>>> print(open('my_file_14.csv').read())   # CSV, N, CA and C atoms
chain,number,residue,atom,x,y,z
G,6,MET,N,1.6,-16.2,3.6
G,6,MET,CA,1.9,-16.3,2.2
G,6,MET,C,3.4,-15.9,2.1
G,7,THR,N,4.2,-16.9,1.9
G,7,THR,CA,5.6,-16.6,1.7
G,7,THR,C,5.8,-16.4,0.2
G,8,PRO,N,6.5,-15.3,-0.2
G,8,PRO,CA,6.7,-15.1,-1.6
G,8,PRO,C,7.4,-16.3,-2.3
G,9,ILE,N,6.9,-16.6,-3.5
G,9,ILE,CA,7.5,-17.7,-4.2
G,9,ILE,C,9.0,-17.5,-4.5
G,10,GLY,N,9.8,-18.5,-4.3
G,10,GLY,CA,11.2,-18.4,-4.6
G,10,GLY,C,12.1,-17.7,-3.5
G,11,TRP,N,11.5,-17.4,-2.4
G,11,TRP,CA,12.3,-16.7,-1.4
G,11,TRP,C,13.2,-17.7,-0.6
G,12,ALA,N,12.8,-18.9,-0.5
G,12,ALA,CA,13.6,-19.9,0.4
G,12,ALA,C,15.1,-19.9,0.0
G,13,ALA,N,15.4,-19.9,-1.3
G,13,ALA,CA,16.8,-20.0,-1.7
G,13,ALA,C,17.3,-18.7,-2.2
G,14,SER,N,16.7,-17.6,-1.7
G,14,SER,CA,17.1,-16.3,-2.2
G,14,SER,C,18.4,-15.9,-1.7
G,15,GLY,N,19.2,-15.3,-2.6
G,15,GLY,CA,20.4,-14.7,-2.2
G,15,GLY,C,20.4,-13.2,-2.6
G,16,LEU,N,21.6,-12.6,-2.5
G,16,LEU,CA,21.7,-11.2,-2.9
G,16,LEU,C,21.3,-10.9,-4.3
G,17,GLU,N,21.7,-11.8,-5.2
G,17,GLU,CA,21.4,-11.7,-6.6
G,17,GLU,C,19.9,-11.7,-6.9
G,18,VAL,N,19.2,-12.6,-6.3
G,18,VAL,CA,17.8,-12.7,-6.4
G,18,VAL,C,17.1,-11.4,-5.9
G,19,TRP,N,17.5,-11.1,-4.7
G,19,TRP,CA,17.0,-9.9,-4.0
G,19,TRP,C,17.2,-8.6,-4.9
G,20,SER,N,18.4,-8.5,-5.4
G,20,SER,CA,18.7,-7.3,-6.2
G,20,SER,C,17.8,-7.3,-7.5
G,21,ALA,N,17.6,-8.4,-8.1
G,21,ALA,CA,16.8,-8.5,-9.3
G,21,ALA,C,15.3,-8.2,-8.9
G,22,ARG,N,14.9,-8.6,-7.8
G,22,ARG,CA,13.5,-8.3,-7.3
G,22,ARG,C,13.3,-6.8,-7.1
G,23,ILE,N,14.3,-6.2,-6.4
G,23,ILE,CA,14.2,-4.8,-6.2
G,23,ILE,C,14.2,-4.0,-7.5
G,24,LYS,N,15.0,-4.4,-8.5
G,24,LYS,CA,15.1,-3.7,-9.8
G,24,LYS,C,13.7,-3.9,-10.4
G,25,ALA,N,13.1,-5.1,-10.4
G,25,ALA,CA,11.8,-5.3,-11.0
G,25,ALA,C,10.8,-4.4,-10.4
G,26,GLY,N,10.8,-4.4,-9.0
G,26,GLY,CA,9.9,-3.5,-8.3
G,26,GLY,C,10.0,-2.1,-8.7
G,27,GLU,N,11.2,-1.6,-8.8
G,27,GLU,CA,11.4,-0.2,-9.2
G,27,GLU,C,10.9,0.1,-10.6
G,28,GLN,N,10.9,-0.9,-11.4
G,28,GLN,CA,10.4,-0.8,-12.8
G,28,GLN,C,8.9,-1.0,-12.9
G,29,GLY,N,8.3,-1.2,-11.7
G,29,GLY,CA,6.8,-1.3,-11.7
G,29,GLY,C,6.2,-2.7,-11.7
G,30,ASP,N,7.1,-3.7,-11.5
G,30,ASP,CA,6.6,-5.1,-11.5
G,30,ASP,C,5.7,-5.3,-10.3
G,31,LEU,N,4.4,-5.5,-10.5
G,31,LEU,CA,3.5,-5.6,-9.4
G,31,LEU,C,3.8,-6.8,-8.4
G,32,THR,N,4.1,-7.9,-9.0
G,32,THR,CA,4.5,-9.1,-8.1
G,32,THR,C,5.7,-8.8,-7.3
G,33,ALA,N,6.7,-8.2,-7.9
G,33,ALA,CA,7.9,-7.9,-7.2
G,33,ALA,C,7.6,-6.9,-6.0
G,34,GLN,N,6.8,-5.9,-6.3
G,34,GLN,CA,6.5,-4.9,-5.3
G,34,GLN,C,5.8,-5.6,-4.1
G,35,LEU,N,4.8,-6.5,-4.4
G,35,LEU,CA,4.1,-7.2,-3.3
G,35,LEU,C,5.0,-8.0,-2.5
G,36,CYS,N,5.9,-8.8,-3.2
G,36,CYS,CA,6.8,-9.7,-2.5
G,36,CYS,C,7.8,-8.9,-1.7
G,37,ILE,N,8.3,-7.8,-2.2
G,37,ILE,CA,9.3,-7.0,-1.4
G,37,ILE,C,8.6,-6.4,-0.2
G,38,GLY,N,7.4,-5.9,-0.3
G,38,GLY,CA,6.6,-5.4,0.8
G,38,GLY,C,6.4,-6.5,1.9
G,39,TYR,N,6.1,-7.7,1.4
G,39,TYR,CA,5.9,-8.8,2.3
G,39,TYR,C,7.2,-9.2,3.0
G,40,ALA,N,8.3,-9.2,2.3
G,40,ALA,CA,9.6,-9.5,2.9
G,40,ALA,C,9.9,-8.6,4.0
G,41,TYR,N,9.7,-7.3,3.8
G,41,TYR,CA,10.0,-6.3,4.8
G,41,TYR,C,9.1,-6.3,6.0
G,42,ALA,N,7.8,-6.6,5.7
G,42,ALA,CA,6.8,-6.6,6.7
G,42,ALA,C,7.0,-7.8,7.7
G,43,GLN,N,7.4,-9.0,7.1
G,43,GLN,CA,7.6,-10.2,7.8
G,43,GLN,C,9.0,-10.5,8.3
G,44,GLY,N,9.9,-9.7,7.8
G,44,GLY,CA,11.3,-9.9,8.1
G,44,GLY,C,11.9,-11.2,7.5
G,45,GLU,N,11.4,-11.5,6.3
G,45,GLU,CA,12.0,-12.6,5.5
G,45,GLU,C,12.9,-12.1,4.5
G,46,VAL,N,14.1,-12.7,4.4
G,46,VAL,CA,15.2,-12.4,3.5
G,46,VAL,C,15.9,-11.1,4.0
G,47,VAL,N,15.1,-10.1,4.5
G,47,VAL,CA,15.7,-8.9,5.0
G,47,VAL,C,15.2,-8.7,6.5
G,48,THR,N,15.9,-7.8,7.2
G,48,THR,CA,15.4,-7.4,8.5
G,48,THR,C,14.0,-6.8,8.5
G,49,LYS,N,13.2,-7.1,9.4
G,49,LYS,CA,11.8,-6.6,9.4
G,49,LYS,C,12.0,-5.0,9.5
G,50,ASP,N,11.3,-4.3,8.6
G,50,ASP,CA,11.4,-2.9,8.6
G,50,ASP,C,10.1,-2.3,7.9
G,51,LEU,N,9.2,-1.8,8.7
G,51,LEU,CA,7.9,-1.4,8.2
G,51,LEU,C,7.8,-0.2,7.3
G,52,PRO,N,8.7,0.8,7.4
G,52,PRO,CA,8.6,1.9,6.4
G,52,PRO,C,8.8,1.4,5.0
G,53,PRO,N,9.8,0.6,4.7
G,53,PRO,CA,9.9,0.1,3.3
G,53,PRO,C,8.8,-0.9,2.9
G,54,ALA,N,8.3,-1.6,3.9
G,54,ALA,CA,7.1,-2.5,3.6
G,54,ALA,C,5.9,-1.6,3.1
G,55,ILE,N,5.7,-0.5,3.8
G,55,ILE,CA,4.6,0.4,3.5
G,55,ILE,C,4.9,0.9,2.0
G,56,LYS,N,6.1,1.3,1.8
G,56,LYS,CA,6.4,1.9,0.5
G,56,LYS,C,6.1,0.9,-0.6
G,57,TRP,N,6.5,-0.4,-0.5
G,57,TRP,CA,6.3,-1.4,-1.5
G,57,TRP,C,4.8,-1.8,-1.6
G,58,TYR,N,4.2,-2.0,-0.5
G,58,TYR,CA,2.8,-2.3,-0.5
G,58,TYR,C,2.0,-1.2,-1.1
G,59,ARG,N,2.3,0.0,-0.8
G,59,ARG,CA,1.6,1.1,-1.4
G,59,ARG,C,1.8,1.2,-2.9
G,60,ALA,N,3.0,0.9,-3.4
G,60,ALA,CA,3.2,1.0,-4.8
G,60,ALA,C,2.4,-0.1,-5.5
G,61,ALA,N,2.3,-1.3,-5.0
G,61,ALA,CA,1.5,-2.4,-5.6
G,61,ALA,C,0.0,-2.1,-5.5
G,62,ALA,N,-0.4,-1.5,-4.3
G,62,ALA,CA,-1.8,-1.2,-4.1
G,62,ALA,C,-2.3,-0.1,-5.1
G,63,LYS,N,-1.4,0.9,-5.4
G,63,LYS,CA,-1.7,1.9,-6.3
G,63,LYS,C,-1.9,1.4,-7.8
G,64,GLN,N,-1.3,0.2,-8.0
G,64,GLN,CA,-1.5,-0.4,-9.3
G,64,GLN,C,-2.8,-1.3,-9.3
G,65,GLY,N,-3.5,-1.3,-8.2
G,65,GLY,CA,-4.7,-2.1,-8.1
G,65,GLY,C,-4.6,-3.4,-7.5
G,66,ASP,N,-3.5,-3.8,-6.9
G,66,ASP,CA,-3.3,-5.1,-6.2
G,66,ASP,C,-4.1,-5.0,-4.9
G,67,LEU,N,-5.2,-5.8,-4.8
G,67,LEU,CA,-6.0,-5.8,-3.6
G,67,LEU,C,-5.3,-6.5,-2.4
G,68,SER,N,-4.4,-7.4,-2.7
G,68,SER,CA,-3.6,-8.1,-1.6
G,68,SER,C,-2.7,-7.1,-0.9
G,69,ALA,N,-2.1,-6.3,-1.7
G,69,ALA,CA,-1.2,-5.3,-1.1
G,69,ALA,C,-2.0,-4.3,-0.3
G,70,GLY,N,-3.1,-3.9,-0.8
G,70,GLY,CA,-4.0,-3.0,0.0
G,70,GLY,C,-4.4,-3.6,1.3
G,71,PHE,N,-4.8,-4.9,1.2
G,71,PHE,CA,-5.2,-5.6,2.4
G,71,PHE,C,-4.1,-5.7,3.4
G,72,ASN,N,-2.9,-6.1,2.9
G,72,ASN,CA,-1.7,-6.2,3.8
G,72,ASN,C,-1.4,-4.9,4.5
G,73,LEU,N,-1.4,-3.8,3.7
G,73,LEU,CA,-1.2,-2.5,4.2
G,73,LEU,C,-2.2,-2.1,5.2
G,74,GLY,N,-3.5,-2.4,4.9
G,74,GLY,CA,-4.5,-2.1,5.8
G,74,GLY,C,-4.4,-2.8,7.2
G,75,MET,N,-3.9,-4.0,7.1
G,75,MET,CA,-3.7,-4.8,8.4
G,75,MET,C,-2.6,-4.2,9.2
G,76,LEU,N,-1.6,-3.6,8.6
G,76,LEU,CA,-0.5,-2.9,9.4
G,76,LEU,C,-1.1,-1.8,10.2
G,77,TYR,N,-2.1,-1.0,9.5
G,77,TYR,CA,-2.7,0.1,10.2
G,77,TYR,C,-3.7,-0.4,11.2
G,78,ARG,N,-4.5,-1.5,10.8
G,78,ARG,CA,-5.5,-2.0,11.7
G,78,ARG,C,-5.0,-2.4,13.0
G,79,PHE,N,-3.9,-3.1,13.0
G,79,PHE,CA,-3.3,-3.6,14.3
G,79,PHE,C,-2.3,-2.6,14.9
G,80,GLY,N,-2.3,-1.4,14.4
G,80,GLY,CA,-1.5,-0.3,15.1
G,80,GLY,C,0.0,-0.5,14.9
G,81,LEU,N,0.4,-1.2,13.9
G,81,LEU,CA,1.8,-1.4,13.7
G,81,LEU,C,2.5,-0.2,13.1
G,82,VAL,N,1.7,0.6,12.5
G,82,VAL,CA,2.2,1.8,11.9
G,82,VAL,C,1.2,2.9,12.1
G,83,PRO,N,1.6,4.2,12.3
G,83,PRO,CA,0.6,5.3,12.5
G,83,PRO,C,-0.2,5.5,11.3
G,84,LEU,N,-1.5,5.8,11.5
G,84,LEU,CA,-2.4,6.0,10.4
G,84,LEU,C,-2.0,7.2,9.6
G,85,ASP,N,-2.1,7.0,8.3
G,85,ASP,CA,-1.7,8.1,7.3
G,85,ASP,C,-3.0,8.2,6.4
G,86,TYR,N,-3.7,9.3,6.5
G,86,TYR,CA,-4.9,9.5,5.8
G,86,TYR,C,-4.7,9.5,4.3
G,87,SER,N,-3.5,10.0,3.8
G,87,SER,CA,-3.3,10.0,2.4
G,87,SER,C,-3.3,8.5,1.8
G,88,ILE,N,-2.6,7.7,2.6
G,88,ILE,CA,-2.6,6.3,2.2
G,88,ILE,C,-3.9,5.6,2.2
G,89,MET,N,-4.7,5.9,3.3
G,89,MET,CA,-6.0,5.4,3.5
G,89,MET,C,-6.9,5.8,2.3
G,90,VAL,N,-6.9,7.0,1.9
G,90,VAL,CA,-7.7,7.5,0.8
G,90,VAL,C,-7.2,6.9,-0.5
G,91,ASP,N,-5.9,6.8,-0.7
G,91,ASP,CA,-5.4,6.1,-2.0
G,91,ASP,C,-5.9,4.7,-2.1
G,92,LEU,N,-5.9,4.0,-1.0
G,92,LEU,CA,-6.3,2.6,-1.0
G,92,LEU,C,-7.8,2.5,-1.3
G,93,CYS,N,-8.6,3.3,-0.6
G,93,CYS,CA,-10.0,3.4,-0.9
G,93,CYS,C,-10.3,3.8,-2.3
G,94,TRP,N,-9.5,4.7,-2.8
G,94,TRP,CA,-9.7,5.2,-4.2
G,94,TRP,C,-9.5,4.0,-5.2
G,95,VAL,N,-8.5,3.3,-5.0
G,95,VAL,CA,-8.2,2.2,-6.0
G,95,VAL,C,-9.3,1.2,-5.9
G,96,ALA,N,-9.7,0.8,-4.7
G,96,ALA,CA,-10.8,-0.2,-4.6
G,96,ALA,C,-12.1,0.4,-5.1
G,97,ALA,N,-12.4,1.7,-4.9
G,97,ALA,CA,-13.6,2.3,-5.4
G,97,ALA,C,-13.7,2.3,-6.9
G,98,GLU,N,-12.5,2.6,-7.5
G,98,GLU,CA,-12.4,2.6,-9.0
G,98,GLU,C,-12.7,1.2,-9.6
G,99,GLN,N,-12.4,0.2,-8.8
G,99,GLN,CA,-12.6,-1.2,-9.3
G,99,GLN,C,-14.1,-1.6,-9.0
G,100,GLY,N,-14.9,-0.7,-8.5
G,100,GLY,CA,-16.3,-1.0,-8.3
G,100,GLY,C,-16.7,-1.5,-6.9
G,101,ASP,N,-15.7,-1.5,-5.9
G,101,ASP,CA,-16.0,-1.9,-4.6
G,101,ASP,C,-17.0,-0.9,-3.9
G,102,ALA,N,-18.2,-1.4,-3.6
G,102,ALA,CA,-19.2,-0.5,-3.1
G,102,ALA,C,-18.9,0.0,-1.7
G,103,VAL,N,-18.3,-0.9,-0.9
G,103,VAL,CA,-17.9,-0.5,0.5
G,103,VAL,C,-16.9,0.6,0.4
G,104,ALA,N,-15.9,0.5,-0.4
G,104,ALA,CA,-14.8,1.5,-0.6
G,104,ALA,C,-15.4,2.8,-1.1
G,105,GLN,N,-16.3,2.7,-2.0
G,105,GLN,CA,-17.0,3.9,-2.5
G,105,GLN,C,-17.7,4.6,-1.4
G,106,PHE,N,-18.4,3.9,-0.6
G,106,PHE,CA,-19.1,4.5,0.6
G,106,PHE,C,-18.1,5.1,1.5
G,107,LYS,N,-17.1,4.3,1.9
G,107,LYS,CA,-16.2,4.8,2.9
G,107,LYS,C,-15.4,6.1,2.4
G,108,LEU,N,-15.1,6.1,1.1
G,108,LEU,CA,-14.4,7.2,0.5
G,108,LEU,C,-15.3,8.4,0.6
G,109,GLY,N,-16.6,8.3,0.3
G,109,GLY,CA,-17.6,9.4,0.4
G,109,GLY,C,-17.7,9.9,1.8
G,110,VAL,N,-17.7,9.0,2.8
G,110,VAL,CA,-17.8,9.4,4.2
G,110,VAL,C,-16.6,10.1,4.6
G,111,THR,N,-15.4,9.5,4.3
G,111,THR,CA,-14.1,10.1,4.6
G,111,THR,C,-14.0,11.5,4.0
G,112,TYR,N,-14.4,11.6,2.7
G,112,TYR,CA,-14.3,12.9,2.0
G,112,TYR,C,-15.1,14.0,2.7
G,113,SER,N,-16.4,13.6,3.1
G,113,SER,CA,-17.2,14.7,3.8
G,113,SER,C,-16.6,15.0,5.2
G,114,PHE,N,-16.1,14.0,5.9
G,114,PHE,CA,-15.5,14.2,7.2
G,114,PHE,C,-14.3,15.1,7.1
G,115,LEU,N,-13.4,14.8,6.1
G,115,LEU,CA,-12.2,15.6,5.9
G,115,LEU,C,-12.6,17.0,5.4
G,116,THR,N,-13.6,17.2,4.6
G,116,THR,CA,-14.0,18.5,4.2
G,116,THR,C,-14.5,19.3,5.3
G,117,THR,N,-15.2,18.7,6.3
G,117,THR,CA,-15.7,19.4,7.4
G,117,THR,C,-14.5,19.9,8.3
G,118,LEU,N,-13.5,19.0,8.5
G,118,LEU,CA,-12.4,19.4,9.4
G,118,LEU,C,-11.4,20.2,8.7
G,119,ASP,N,-11.3,20.1,7.3
G,119,ASP,CA,-10.3,20.8,6.5
G,119,ASP,C,-8.9,20.6,7.1
G,120,LEU,N,-8.5,19.4,7.1
G,120,LEU,CA,-7.2,19.0,7.7
G,120,LEU,C,-6.1,19.5,6.8
G,121,ASN,N,-5.7,20.7,7.0
G,121,ASN,CA,-4.6,21.3,6.2
G,121,ASN,C,-4.9,21.2,4.7
G,122,ASN,N,-6.1,21.5,4.4
G,122,ASN,CA,-6.5,21.4,3.0
G,122,ASN,C,-6.3,20.1,2.3
G,123,PHE,N,-6.4,19.0,3.2
G,123,PHE,CA,-6.2,17.7,2.7
G,123,PHE,C,-7.0,17.3,1.5
G,124,VAL,N,-8.3,17.6,1.6
G,124,VAL,CA,-9.2,17.3,0.6
G,124,VAL,C,-8.8,17.8,-0.8
G,125,GLY,N,-8.3,19.1,-0.8
G,125,GLY,CA,-7.9,19.7,-2.0
G,125,GLY,C,-6.7,18.9,-2.6
G,126,GLN,N,-5.8,18.5,-1.7
G,126,GLN,CA,-4.6,17.8,-2.1
G,126,GLN,C,-5.0,16.4,-2.7
G,127,VAL,N,-6.0,15.7,-2.1
G,127,VAL,CA,-6.5,14.5,-2.7
G,127,VAL,C,-7.1,14.7,-4.0
G,128,GLU,N,-8.0,15.7,-4.1
G,128,GLU,CA,-8.6,16.0,-5.4
G,128,GLU,C,-7.6,16.3,-6.5
G,129,ALA,N,-6.6,17.0,-6.2
G,129,ALA,CA,-5.5,17.4,-7.1
G,129,ALA,C,-4.7,16.1,-7.6
G,130,ALA,N,-4.5,15.3,-6.6
G,130,ALA,CA,-3.7,14.0,-6.9
G,130,ALA,C,-4.5,13.1,-7.8
G,131,HIS,N,-5.8,13.1,-7.7
G,131,HIS,CA,-6.6,12.2,-8.5
G,131,HIS,C,-7.4,12.9,-9.7
G,132,ALA,N,-7.0,14.1,-10.0
G,132,ALA,CA,-7.6,14.8,-11.1
G,132,ALA,C,-7.2,14.3,-12.5
>>> encode(input="my_file_14.csv", output="structure tokens")
Amino acid sequence: MTPIGWAASGLEVWSARIKAGEQGDLTAQLCIGYAYAQGEVVTKDLPPAIKWYRAAAKQGDLSAGFNLGMLYRFGLVPLDYSIMVDLCWVAAEQGDAVAQFKLGVTYSFLTTLDLNNFVGQVEAAHA
């Protein structure tokens, strides 16, 4: 999926897209994440890709969550439990039964391990 309008993109288009993403535009965030993840328009750079995919996923964009999940699935970036829980939380809130189940399993697993009080941090973030 190449973001719409990237073929003829220049600095002006890229700057406008970044500004829109910073202002919370979901499509811009997804497109910027994709551009960084694939190295289109900009040099491939996974930390910014994660940042933009995560911003879009937090707004409920399942494509961004999926793309982010694939970066983790294929080991392209180290697993970050806070991002994993955030993505599951968004999907669970939208009624995804699998995400609800996995969030519950993850919650009980993390409670047992008490990974630096991670569970308390997640609860506080979603309170």
>>> closest_residue(input="my_file_14.csv", among="G:Val103, G:Cys36, G:Ile55, G:Ile23", to="Met75 (chain G)", atoms="only C-alpha atoms")
G:Ile55
>>> atom_distance(input="my_file_14.csv", atom1="atom C of Asp66 (chain G)", atom2="atom C of Gly109 (chain G)")
21.3 Å
>>> atom_distance(input="my_file_14.csv", atom1="atom N of Gly29 (chain G)", atom2="CA of Ala69 (chain G)")
14.8 Å
>>> closest_residue(input="my_file_14.csv", among="G:Val18, G:Val82, G:Val46, G:Ala62", to="Leu31 (chain G)", atoms="only C-alpha atoms")
G:Ala62
>>> closest_residue(input="my_file_14.csv", among="G:Asn72, G:Ala61, G:Leu67, G:Trp19", to="Glu45 (chain G)", atoms="only C-alpha atoms")
G:Trp19
